[in-house]
$ cat work.cif   # mmCIF, C-alpha atoms
data_model
loop_
_atom_site.label_atom_id
_atom_site.label_comp_id
_atom_site.auth_asym_id
_atom_site.auth_seq_id
_atom_site.Cartn_x
_atom_site.Cartn_y
_atom_site.Cartn_z
CA MET L 6 150.12 -213.02 -35.02
CA GLN L 7 148.94 -209.40 -35.03
CA ILE L 8 150.88 -206.69 -33.24
CA ALA L 9 149.08 -205.40 -30.18
CA PRO L 10 147.54 -202.13 -31.36
CA LYS L 11 149.29 -199.98 -28.81
CA THR L 12 149.20 -197.12 -31.26
CA ASN L 13 147.00 -197.66 -34.22
CA ALA L 14 147.21 -194.52 -36.23
CA ALA L 15 145.71 -193.37 -39.46
CA VAL L 16 148.56 -192.52 -41.83
CA SER L 17 148.53 -189.73 -44.37
CA THR L 18 151.06 -188.10 -46.64
CA ASP L 19 151.14 -184.35 -47.24
CA VAL L 20 153.23 -182.79 -49.97
CA VAL L 21 154.79 -179.33 -49.96
CA ILE L 22 154.85 -178.61 -53.69
CA PHE L 23 157.25 -175.77 -54.47
CA THR L 24 157.61 -173.91 -57.70
CA ILE L 25 159.07 -170.56 -58.68
CA ARG L 26 156.38 -168.34 -60.09
CA ALA L 27 156.85 -164.73 -61.10
CA GLY L 28 160.19 -164.70 -59.32
CA ARG L 29 158.82 -165.96 -56.03
CA LEU L 30 159.08 -169.31 -54.32
CA SER L 31 155.50 -170.53 -54.10
CA VAL L 32 153.58 -173.37 -52.51
CA LEU L 33 150.47 -175.12 -53.81
CA LEU L 34 147.58 -175.11 -51.33
CA VAL L 35 144.11 -176.63 -51.28
CA ARG L 36 141.12 -175.02 -49.65
CA ARG L 37 139.44 -177.46 -47.27
CA GLN L 38 135.74 -178.09 -47.77
CA ASN L 39 135.08 -180.26 -44.74
CA ALA L 40 135.61 -180.10 -41.01
CA PRO L 41 137.96 -179.79 -39.29
CA TYR L 42 139.31 -176.46 -40.47
CA ALA L 43 136.69 -176.13 -43.25
CA GLY L 44 137.47 -173.09 -45.38
CA LEU L 45 141.14 -172.94 -44.38
CA TRP L 46 143.97 -173.65 -46.78
CA SER L 47 146.04 -176.80 -46.35
CA LEU L 48 148.75 -178.83 -48.03
CA PRO L 49 147.62 -181.31 -50.66
CA GLY L 50 147.50 -184.67 -48.95
CA GLY L 51 145.47 -187.72 -48.21
CA LEU L 52 145.35 -191.05 -46.45
CA VAL L 53 147.80 -193.69 -47.52
CA GLY L 54 146.07 -196.58 -49.24
CA GLU L 55 146.10 -200.06 -47.80
CA GLY L 56 149.13 -201.74 -49.30
CA GLU L 57 150.37 -198.46 -50.77
CA ALA L 58 153.99 -197.46 -50.16
CA LEU L 59 154.46 -194.05 -48.56
CA GLU L 60 156.33 -192.57 -51.50
CA ASP L 61 153.74 -193.92 -53.95
CA SER L 62 151.09 -192.13 -51.95
CA ALA L 63 153.02 -188.84 -52.20
CA LEU L 64 153.55 -189.36 -55.94
CA ARG L 65 149.84 -190.03 -56.37
CA ILE L 66 148.91 -186.79 -54.58
CA LEU L 67 151.43 -184.85 -56.65
CA LEU L 68 150.03 -186.28 -59.88
CA GLU L 69 146.41 -185.74 -58.85
CA LYS L 70 146.94 -182.12 -57.84
CA THR L 71 149.42 -180.95 -60.47
CA GLY L 72 149.33 -183.47 -63.32
CA VAL L 73 153.09 -183.71 -62.96
CA GLN L 74 155.32 -186.72 -62.55
CA GLY L 75 159.03 -187.36 -62.80
CA VAL L 76 159.98 -184.35 -60.69
CA TYR L 77 162.09 -184.11 -57.56
CA LEU L 78 160.37 -185.59 -54.50
CA GLU L 79 161.94 -186.21 -51.11
CA GLN L 80 160.63 -187.40 -47.78
CA LEU L 81 160.85 -184.51 -45.34
CA TYR L 82 159.74 -185.49 -41.85
CA THR L 83 157.02 -187.36 -40.03
CA PHE L 84 154.67 -185.37 -37.82
CA GLY L 85 152.86 -187.39 -35.21
CA GLN L 86 152.18 -185.11 -32.27
CA PRO L 87 149.13 -186.45 -30.40
CA GLY L 88 146.27 -184.04 -30.95
CA ARG L 89 147.54 -182.66 -34.26
CA ASP L 90 144.29 -183.89 -35.81
CA PRO L 91 141.15 -183.47 -33.70
CA ARG L 92 139.61 -186.61 -35.24
CA GLY L 93 142.07 -189.03 -33.73
CA ARG L 94 145.69 -190.02 -34.03
CA VAL L 95 146.90 -189.26 -37.52
CA LEU L 96 150.53 -189.52 -38.47
CA THR L 97 151.52 -187.62 -41.55
CA VAL L 98 154.63 -188.42 -43.50
CA ALA L 99 155.48 -185.11 -45.17
CA TYR L 100 157.25 -184.90 -48.53
CA TYR L 101 158.36 -181.97 -50.59
CA ALA L 102 158.49 -181.70 -54.35
CA LEU L 103 160.14 -179.19 -56.66
CA VAL L 104 158.33 -178.50 -59.90
CA PRO L 105 159.54 -176.33 -62.79
CA TYR L 106 156.73 -173.87 -63.40
CA ASP L 107 156.51 -174.63 -67.11
CA ARG L 108 155.70 -178.26 -66.31
CA LEU L 109 152.59 -177.36 -64.38
CA HIS L 110 149.24 -178.12 -65.90
CA VAL L 111 147.31 -176.74 -62.96
CA ARG L 112 148.33 -173.14 -62.59
CA GLY L 113 146.10 -172.34 -59.68
CA GLY L 114 142.74 -170.73 -59.36
CA VAL L 115 140.86 -173.91 -60.18
CA GLU L 116 139.30 -176.66 -58.08
CA ARG L 117 140.07 -174.92 -54.79
CA LEU L 118 143.79 -175.05 -55.59
CA ASP L 119 146.04 -172.04 -55.65
CA TRP L 120 149.68 -171.00 -55.43
CA PHE L 121 150.87 -168.76 -52.62
CA PRO L 122 154.25 -167.10 -52.18
CA GLU L 123 156.02 -169.02 -49.43
CA ASP L 124 156.51 -165.85 -47.38
CA GLU L 125 152.87 -164.75 -47.65
CA LEU L 126 150.92 -167.83 -46.70
CA PRO L 127 147.36 -167.62 -45.43
CA PRO L 128 146.55 -169.30 -42.11
CA LEU L 129 146.91 -173.05 -42.64
CA ALA L 130 145.03 -176.02 -41.21
CA PHE L 131 146.58 -178.49 -38.76
CA ASP L 132 150.36 -178.15 -38.31
CA HIS L 133 150.83 -177.40 -41.99
CA ARG L 134 152.55 -174.06 -41.36
CA GLN L 135 155.21 -175.92 -39.45
CA ILE L 136 155.57 -178.46 -42.26
CA VAL L 137 156.06 -175.74 -44.89
CA GLY L 138 158.62 -174.06 -42.63
CA MET L 139 160.61 -177.25 -42.30
CA ALA L 140 160.49 -177.87 -46.05
CA ARG L 141 161.74 -174.34 -46.68
CA ARG L 142 164.67 -174.87 -44.30
CA ARG L 143 165.54 -178.21 -45.88
CA LEU L 144 165.53 -176.60 -49.31
CA SER L 145 167.67 -173.66 -48.13
CA GLY L 146 170.14 -176.03 -46.54
CA LYS L 147 170.47 -178.18 -49.65
CA LEU L 148 171.07 -175.13 -51.83
CA HIS L 149 174.45 -174.76 -50.20
CA TYR L 150 175.72 -178.28 -50.66
CA SER L 151 173.92 -179.67 -53.68
CA THR L 152 172.70 -178.88 -57.17
CA ILE L 153 169.05 -179.01 -56.04
CA ALA L 154 168.20 -175.57 -57.51
CA LEU L 155 168.42 -177.07 -61.01
CA GLN L 156 165.24 -179.01 -60.24
CA PHE L 157 163.28 -175.76 -60.69
CA MET L 158 164.63 -175.11 -64.17
CA PRO L 159 162.85 -175.82 -67.44
CA GLU L 160 164.52 -178.02 -70.04
CA ALA L 161 166.59 -175.15 -71.42
CA PHE L 162 167.47 -171.91 -69.65
CA THR L 163 169.88 -169.03 -69.67
CA LEU L 164 172.48 -168.47 -66.97
CA SER L 165 170.66 -165.28 -66.00
CA GLU L 166 167.49 -167.28 -65.40
CA LEU L 167 169.39 -169.74 -63.23
CA GLN L 168 170.98 -166.89 -61.29
CA GLY L 169 167.49 -165.47 -60.78
CA VAL L 170 166.32 -168.75 -59.25
CA TYR L 171 169.27 -168.79 -56.87
CA GLU L 172 168.61 -165.20 -55.91
CA THR L 173 164.95 -165.97 -55.25
CA LEU L 174 165.83 -168.96 -53.07
CA LEU L 175 168.63 -167.22 -51.20
CA GLY L 176 166.77 -163.93 -50.86
CA GLU L 177 169.82 -161.93 -51.93
CA ARG L 178 171.51 -160.58 -55.04
CA LEU L 179 174.51 -162.48 -56.34
CA ASP L 180 177.54 -161.19 -58.14
CA LYS L 181 177.27 -162.38 -61.75
CA ARG L 182 180.94 -163.10 -62.22
CA ASN L 183 181.31 -165.11 -59.00
CA PHE L 184 178.09 -166.98 -59.67
CA ARG L 185 179.29 -168.07 -63.10
CA LYS L 186 182.70 -169.07 -61.80
CA ARG L 187 181.11 -171.29 -59.14
CA LEU L 188 178.71 -172.79 -61.69
CA GLN L 189 181.55 -173.61 -64.01
CA ALA L 190 183.40 -175.39 -61.20
CA LEU L 191 180.32 -177.54 -60.60
CA ASP L 192 180.36 -178.72 -64.21
CA CYS L 193 176.66 -179.53 -64.14
CA LEU L 194 175.47 -177.71 -67.30
CA GLU L 195 175.90 -178.19 -71.01
CA ASP L 196 175.33 -175.80 -73.88
CA THR L 197 172.23 -176.71 -75.94
CA GLY L 198 173.70 -174.91 -78.94
CA LYS L 199 170.56 -172.74 -79.04
CA ARG L 200 170.11 -169.15 -78.05
CA TYR L 201 167.36 -167.18 -76.42
CA ASN L 202 166.52 -164.03 -78.29
CA GLY L 203 164.65 -161.98 -75.76
CA GLY L 204 164.43 -158.29 -76.38
CA ASN L 205 167.06 -155.64 -76.04
CA HIS L 206 170.05 -157.74 -75.10
CA ARG L 207 172.15 -159.83 -77.38
CA PRO L 208 170.90 -163.45 -77.62
CA ALA L 209 171.86 -165.51 -74.56
CA ARG L 210 173.06 -169.10 -74.69
CA LEU L 211 170.58 -171.73 -73.58
CA TYR L 212 171.86 -174.42 -71.25
CA ARG L 213 170.45 -177.65 -69.89
CA ALA L 214 171.33 -179.76 -66.86
CA LYS L 215 173.82 -182.54 -67.64
CA SER L 216 171.90 -185.04 -65.50
CA PRO L 217 168.42 -183.55 -65.22
CA GLY L 218 167.01 -185.97 -62.65
CA GLU L 219 170.05 -186.04 -60.41
CA VAL L 220 170.75 -183.87 -57.37
CA ARG L 221 174.49 -183.92 -56.86
CA ILE L 222 176.02 -183.33 -53.43
CA ILE L 223 178.78 -180.71 -53.48
CA ARG L 224 181.72 -181.27 -51.16
CA MET Q 24 134.11 -188.01 -36.36
CA GLN Q 25 136.75 -190.70 -36.82
CA ILE Q 26 138.87 -190.84 -39.95
CA ALA Q 27 138.00 -193.79 -42.16
CA PRO Q 28 140.72 -196.32 -41.35
CA LYS Q 29 142.00 -196.58 -44.88
CA THR Q 30 145.42 -197.38 -43.51
CA ASN Q 31 145.50 -198.16 -39.87
CA ALA Q 32 149.05 -198.95 -39.05
CA ALA Q 33 150.90 -199.86 -35.93
CA VAL Q 34 153.60 -197.26 -35.34
CA SER Q 35 157.01 -197.93 -33.89
CA THR Q 36 160.22 -195.99 -33.47
CA ASP Q 37 163.64 -197.56 -33.99
CA VAL Q 38 166.82 -195.82 -32.96
CA VAL Q 39 170.24 -196.18 -34.56
CA ILE Q 40 172.48 -195.47 -31.58
CA PHE Q 41 176.00 -194.63 -32.72
CA THR Q 42 179.07 -194.36 -30.58
CA ILE Q 43 182.80 -194.47 -31.26
CA ARG Q 44 184.33 -197.39 -29.48
CA ALA Q 45 187.94 -198.46 -29.77
CA GLY Q 46 188.35 -196.17 -32.76
CA ARG Q 47 185.41 -197.63 -34.68
CA LEU Q 48 181.97 -196.24 -35.36
CA SER Q 49 179.63 -198.71 -33.67
CA VAL Q 50 175.91 -199.38 -33.44
CA LEU Q 51 173.94 -200.77 -30.51
CA LEU Q 52 171.90 -203.86 -31.40
CA VAL Q 53 169.42 -206.05 -29.52
CA ARG Q 54 169.05 -209.76 -30.08
CA ARG Q 55 165.43 -210.64 -30.75
CA GLN Q 56 163.85 -213.29 -28.54
CA ASN Q 57 160.51 -213.61 -30.27
CA ALA Q 58 159.21 -214.25 -33.76
CA PRO Q 59 159.51 -212.91 -36.34
CA TYR Q 60 163.28 -213.07 -36.82
CA ALA Q 61 163.86 -214.66 -33.37
CA GLY Q 62 167.59 -214.89 -32.69
CA LEU Q 63 168.52 -212.17 -35.16
CA TRP Q 64 169.93 -208.81 -34.15
CA SER Q 65 167.83 -205.69 -34.56
CA LEU Q 66 167.77 -202.00 -33.74
CA PRO Q 67 166.45 -201.01 -30.32
CA GLY Q 68 162.87 -199.97 -30.85
CA GLY Q 69 159.30 -200.42 -29.81
CA LEU Q 70 155.72 -199.40 -30.38
CA VAL Q 71 154.81 -195.79 -29.80
CA GLY Q 72 152.56 -195.38 -26.79
CA GLU Q 73 149.04 -194.08 -27.12
CA GLY Q 74 149.31 -190.35 -26.68
CA GLU Q 75 153.10 -190.47 -26.83
CA ALA Q 76 154.91 -188.10 -29.19
CA LEU Q 77 157.24 -189.77 -31.69
CA GLU Q 78 160.37 -188.12 -30.36
CA ASP Q 79 159.42 -188.98 -26.78
CA SER Q 80 159.15 -192.58 -27.83
CA ALA Q 81 162.66 -192.49 -29.33
CA LEU Q 82 164.02 -190.79 -26.20
CA ARG Q 83 162.39 -193.45 -24.04
CA ILE Q 84 164.01 -196.25 -26.05
CA LEU Q 85 167.38 -194.52 -25.88
CA LEU Q 86 167.10 -194.12 -22.11
CA GLU Q 87 165.88 -197.70 -21.57
CA LYS Q 88 168.64 -199.26 -23.64
CA THR Q 89 171.61 -197.05 -22.77
CA GLY Q 90 170.71 -195.15 -19.60
CA VAL Q 91 171.62 -191.99 -21.48
CA GLN Q 92 169.68 -188.78 -22.00
CA GLY Q 93 170.51 -185.33 -23.22
CA VAL Q 94 172.44 -186.54 -26.25
CA TYR Q 95 172.01 -185.73 -29.93
CA LEU Q 96 168.88 -187.29 -31.41
CA GLU Q 97 167.42 -186.62 -34.85
CA GLN Q 98 164.55 -188.04 -36.83
CA LEU Q 99 166.00 -189.91 -39.80
CA TYR Q 100 163.28 -191.29 -42.05
CA THR Q 101 160.00 -193.17 -41.94
CA PHE Q 102 159.92 -196.66 -43.34
CA GLY Q 103 156.49 -197.93 -44.27
CA GLN Q 104 156.89 -200.36 -47.13
CA PRO Q 105 153.92 -202.76 -47.05
CA GLY Q 106 155.20 -206.19 -46.01
CA ARG Q 107 158.21 -204.89 -44.06
CA ASP Q 108 156.76 -206.59 -40.99
CA PRO Q 109 155.10 -209.99 -41.55
CA ARG Q 110 152.63 -209.34 -38.72
CA GLY Q 111 150.79 -206.52 -40.43
CA ARG Q 112 151.32 -202.96 -41.50
CA VAL Q 113 153.89 -201.38 -39.21
CA LEU Q 114 155.33 -197.96 -39.89
CA THR Q 115 158.57 -197.22 -38.18
CA VAL Q 116 159.82 -193.70 -37.62
CA ALA Q 117 163.58 -194.12 -37.45
CA TYR Q 118 165.81 -191.85 -35.38
CA TYR Q 119 169.53 -191.76 -34.87
CA ALA Q 120 171.42 -190.76 -31.76
CA LEU Q 121 175.07 -189.97 -31.15
CA VAL Q 122 176.44 -190.95 -27.76
CA PRO Q 123 179.90 -190.21 -26.38
CA TYR Q 124 181.26 -193.56 -25.31
CA ASP Q 125 182.17 -192.37 -21.84
CA ARG Q 126 178.51 -191.53 -21.20
CA LEU Q 127 177.37 -195.10 -21.74
CA HIS Q 128 176.25 -197.10 -18.78
CA VAL Q 129 175.50 -200.16 -20.85
CA ARG Q 130 178.69 -201.15 -22.58
CA GLY Q 131 177.38 -204.19 -24.34
CA GLY Q 132 177.40 -207.87 -23.59
CA VAL Q 133 174.46 -207.62 -21.21
CA GLU Q 134 170.74 -208.17 -21.60
CA ARG Q 135 171.01 -209.28 -25.21
CA LEU Q 136 172.50 -205.90 -26.11
CA ASP Q 137 175.82 -205.45 -27.85
CA TRP Q 138 177.84 -202.97 -29.87
CA PHE Q 139 178.89 -203.82 -33.40
CA PRO Q 140 181.23 -201.91 -35.68
CA GLU Q 141 179.06 -200.26 -38.30
CA ASP Q 142 180.98 -201.93 -41.13
CA GLU Q 143 180.78 -205.43 -39.63
CA LEU Q 144 177.13 -205.83 -38.77
CA PRO Q 145 175.55 -209.24 -38.37
CA PRO Q 146 172.42 -210.01 -40.42
CA LEU Q 147 169.64 -207.77 -39.13
CA ALA Q 148 165.90 -208.30 -38.75
CA PHE Q 149 163.31 -206.48 -40.87
CA ASP Q 150 164.69 -203.61 -42.98
CA HIS Q 151 167.07 -202.58 -40.22
CA ARG Q 152 170.16 -202.95 -42.40
CA GLN Q 153 168.69 -200.33 -44.71
CA ILE Q 154 167.91 -198.04 -41.75
CA VAL Q 155 171.48 -198.24 -40.45
CA GLY Q 156 172.78 -197.52 -43.95
CA MET Q 157 170.66 -194.42 -44.25
CA ALA Q 158 171.71 -193.19 -40.80
CA ARG Q 159 175.35 -193.69 -41.74
CA ARG Q 160 174.90 -191.65 -44.93
CA ARG Q 161 173.09 -188.87 -43.06
CA LEU Q 162 175.91 -188.73 -40.53
CA SER Q 163 178.58 -188.69 -43.25
CA GLY Q 164 176.76 -185.92 -45.07
CA LYS Q 165 176.42 -183.76 -41.96
CA LEU Q 166 180.11 -184.14 -41.16
CA HIS Q 167 180.85 -181.94 -44.14
CA TYR Q 168 178.55 -179.08 -43.35
CA SER Q 169 178.09 -179.07 -39.59
CA THR Q 170 179.85 -179.52 -36.27
CA ILE Q 171 178.00 -182.81 -35.63
CA ALA Q 172 181.20 -184.76 -34.90
CA LEU Q 173 181.54 -182.91 -31.59
CA GLN Q 174 178.52 -184.84 -30.35
CA PHE Q 175 180.73 -187.90 -29.98
CA MET Q 176 183.23 -186.15 -27.74
CA PRO Q 177 183.45 -186.40 -23.95
CA GLU Q 178 183.29 -183.24 -21.87
CA ALA Q 179 186.98 -182.52 -22.35
CA PHE Q 180 189.23 -183.83 -25.11
CA THR Q 181 192.49 -183.18 -26.91
CA LEU Q 182 192.66 -182.01 -30.52
CA SER Q 183 194.29 -185.32 -31.41
CA GLU Q 184 191.30 -187.17 -30.02
CA LEU Q 185 188.94 -185.02 -32.05
CA GLN Q 186 191.02 -185.59 -35.16
CA GLY Q 187 190.82 -189.32 -34.46
CA VAL Q 188 187.02 -189.13 -34.39
CA TYR Q 189 186.95 -187.29 -37.72
CA GLU Q 190 189.32 -189.84 -39.22
CA THR Q 191 187.14 -192.70 -38.00
CA LEU Q 192 184.01 -191.12 -39.44
CA LEU Q 193 185.61 -190.13 -42.75
CA GLY Q 194 187.56 -193.35 -43.09
CA GLU Q 195 190.72 -191.47 -44.03
CA ARG Q 196 193.80 -189.88 -42.49
CA LEU Q 197 193.80 -186.11 -42.14
CA ASP Q 198 196.68 -183.71 -42.25
CA LYS Q 199 197.16 -182.40 -38.71
CA ARG Q 200 198.01 -178.86 -39.71
CA ASN Q 201 195.06 -178.47 -42.11
CA PHE Q 202 192.69 -180.06 -39.64
CA ARG Q 203 193.66 -177.60 -36.91
CA LYS Q 204 193.42 -174.65 -39.26
CA ARG Q 205 189.87 -175.62 -40.24
CA LEU Q 206 188.91 -176.21 -36.60
CA GLN Q 207 190.18 -172.80 -35.63
CA ALA Q 208 188.11 -171.18 -38.39
CA LEU Q 209 185.00 -172.89 -36.97
CA ASP Q 210 185.59 -171.30 -33.59
CA CYS Q 211 183.61 -174.03 -31.82
CA LEU Q 212 186.09 -175.02 -29.08
CA GLU Q 213 187.45 -173.43 -25.95
CA ASP Q 214 190.47 -174.26 -23.85
CA THR Q 215 189.55 -175.85 -20.50
CA GLY Q 216 192.86 -174.68 -19.03
CA LYS Q 217 193.64 -178.30 -18.16
CA ARG Q 218 196.05 -180.67 -19.77
CA TYR Q 219 196.07 -184.33 -20.49
CA ASN Q 220 199.24 -186.02 -19.34
CA GLY Q 221 199.22 -189.26 -21.24
CA GLY Q 222 202.48 -191.05 -21.62
CA ASN Q 223 205.47 -190.20 -23.71
CA HIS Q 224 204.32 -186.97 -25.29
CA ARG Q 225 204.25 -183.60 -23.67
CA PRO Q 226 200.92 -182.85 -21.97
CA ALA Q 227 198.20 -181.91 -24.49
CA ARG Q 228 195.67 -179.14 -23.96
CA LEU Q 229 192.14 -180.25 -23.14
CA TYR Q 230 189.31 -178.53 -24.98
CA ARG Q 231 185.57 -178.51 -24.69
CA ALA Q 232 182.78 -177.59 -27.11
CA LYS Q 233 181.64 -173.98 -26.78
CA SER Q 234 177.97 -174.96 -27.15
CA PRO Q 235 177.92 -178.64 -26.25
CA GLY Q 236 174.32 -179.37 -27.22
CA GLU Q 237 174.33 -177.42 -30.44
CA VAL Q 238 175.08 -178.70 -33.93
CA ARG Q 239 176.09 -175.70 -35.98
CA ILE Q 240 175.62 -175.64 -39.75
CA ILE Q 241 178.76 -174.58 -41.60
CA ARG Q 242 178.25 -172.52 -44.70
#

$ encode --input "work.cif" --output "structure tokens"
Amino acid sequence: MQIAPKTNAAVSTDVVIFTIRAGRLSVLLVRRQNAPYAGLWSLPGGLVGEGEALEDSALRILLEKTGVQGVYLEQLYTFGQPGRDPRGRVLTVAYYALVPYDRLHVRGGVERLDWFPEDELPPLAFDHRQIVGMARRRLSGKLHYSTIALQFMPEAFTLSELQGVYETLLGERLDKRNFRKRLQALDCLEDTGKRYNGGNHRPARLYRAKSPGEVRIIR
Amino acid sequence: MQIAPKTNAAVSTDVVIFTIRAGRLSVLLVRRQNAPYAGLWSLPGGLVGEGEALEDSALRILLEKTGVQGVYLEQLYTFGQPGRDPRGRVLTVAYYALVPYDRLHVRGGVERLDWFPEDELPPLAFDHRQIVGMARRRLSGKLHYSTIALQFMPEAFTLSELQGVYETLLGERLDKRNFRKRLQALDCLEDTGKRYNGGNHRPARLYRAKSPGEVRIIR
């Protein structure tokens, strides 16, 4: 028995791919070649394959556009407003991904792909502006009650670098002493035993996440 | 131009309707009459209408099954695993709603609808067990960083009643003094000026939420 096709929708996934680049939270966009919205920038996305799970579709798009796998990916929200796509009813299941910048193979400027600072986006196709906004709010929210910020860090990093990422995401300066006290309480880092020798300052300890893949909820 | 129907899916919404009933977090279920899974319990849900927004569909189901509107409703997650419905590809956009028990017209036992304690569910159709589990985790998470628990309260309530709701949701006893101190810091209640005269104790003050519809994030 087939379900009566009361709503038969095309289903896509779109992925808000965040990285931190030159101290700014940035989003990967693709310039559209075809109608509708030809020439406008849009989120990387595509139709879900027959028999393809939603998350697999998002992972496929992430891999195709960035060459990256094994990074943080989370389902964000499903957008299904009638009329959001002029071609017919298209539901998009939006995901967001956090990618450490040093993991990126595609660094923008090629194949109609480029990175844009999240607060200086060009006009976007469809409801993609709204999708990026929701992803940004989800990320901001999680900053306060989880260790999600670590997902932006390379394999080894200094505490100053980590503080810089928090400052970028929060949009404010943090007190170094308080920041380190709170980090210590979280017990989520371990010393690599190596040091970063970068210029005028004395060499800084390099740390790594204790459980790199895991986002821990803070109560 | 129509999009190539790479995945053309039927789209439904299912709603996890929570209330607190006799001191237990409970979920409204519907007994299925037709195949597949005839005779099993399932979440209230249905196909999204042509031209109907996803949230409107969830609101319609909530109203049809409980007679309630104007309560807290939030999109939870979209489940689209191929094979989750034996009749074909069906995506379901799951929502959850929180309903104060005194607002309910349907109190179970009628029209194949009944309330079940969330930790004593019968076997459920489809992947509905998984959906309820995710809704429960979302609710538990939000308890810690928002005023979401107020959404379960009637128009006026005592602080003891509110503490009871928190204890039910957290599954643990709370210290009365600490609980009231934290509540006061949140500044989310106001005195109605009325008192509840219930039995042996001295009359307790009745409070109401300052912004009944709003769920405030606590930082």

$ closest_residue --input "work.cif" --among "Q:Asn31, Q:Asn220, Q:Thr89, Q:Thr42" --to "Glu55 (chain L)" --atoms "only C-alpha atoms"
Q:Asn31

$ interface_residues --input "work.cif" --of "chain L" --to "chain Q" --cutoff "10 Å" --atoms "only C-alpha atoms" --output "ChimeraX atom specification"
/L:6-17,40-41,52-61,80-88,90-96,98-99,146,149-150,222-224

$ atom_distance --input "work.cif" --atom1 "CA of Ile43 (chain Q)" --atom2 "CA of Ala61 (chain Q)"
27.8 Å

$ closest_residue --input "work.cif" --among "L:Gly44, L:Pro105, L:Gly28, L:Gly176" --to "Val73 (chain L)" --atoms "all atoms listed in the file"
L:Pro105

$ axis_aligned_box --input "work.cif" --around "region 161-176 of chain L" --padding-each-side "5 Å" --output "AutoDock Vina command-line options"
--center_x 168.7 --center_y -169.5 --center_z -61.1 --size_x 17.5 --size_y 21.2 --size_z 30.6

$ resolve_selection --input "work.cif" --expression "the PyMOL selection byres ((chain L and resi 175) around 12)" --output "ChimeraX atom specification"
/L:28-30,141-142,144-149,154,168-174,176-179

$ atom_distance --input "work.cif" --atom1 "CA of Pro226 (chain Q)" --atom2 "CA of Thr181 (chain Q)"
9.8 Å

$ closest_residue --input "work.cif" --among "L:Ser62, L:Asp119, L:Leu164, L:Val137" --to "Phe184 (chain L)" --atoms "all atoms listed in the file"
L:Leu164

$ residues_around --input "work.cif" --residues "Gly75 (chain L)" --least-positions-apart "5" --cutoff "10 Å" --atoms "only C-alpha atoms" --output "PyMOL selection string"
chain L and resi 64+68+104+218

$ residues_around --input "work.cif" --residues "Gln156 (chain L)" --least-positions-apart "3" --cutoff "9 Å" --atoms "all atoms listed in the file" --output "PyMOL selection string"
chain L and resi 76-77+103-105+152-153+159+217-220

$ atom_distance --input "work.cif" --atom1 "CA of Arg161 (chain Q)" --atom2 "CA of Leu96 (chain Q)"
12.5 Å

$ residues_around --input "work.cif" --residues "Thr197 (chain L)" --least-positions-apart "3" --cutoff "9 Å" --atoms "only C-alpha atoms" --output "count of residues only"
6
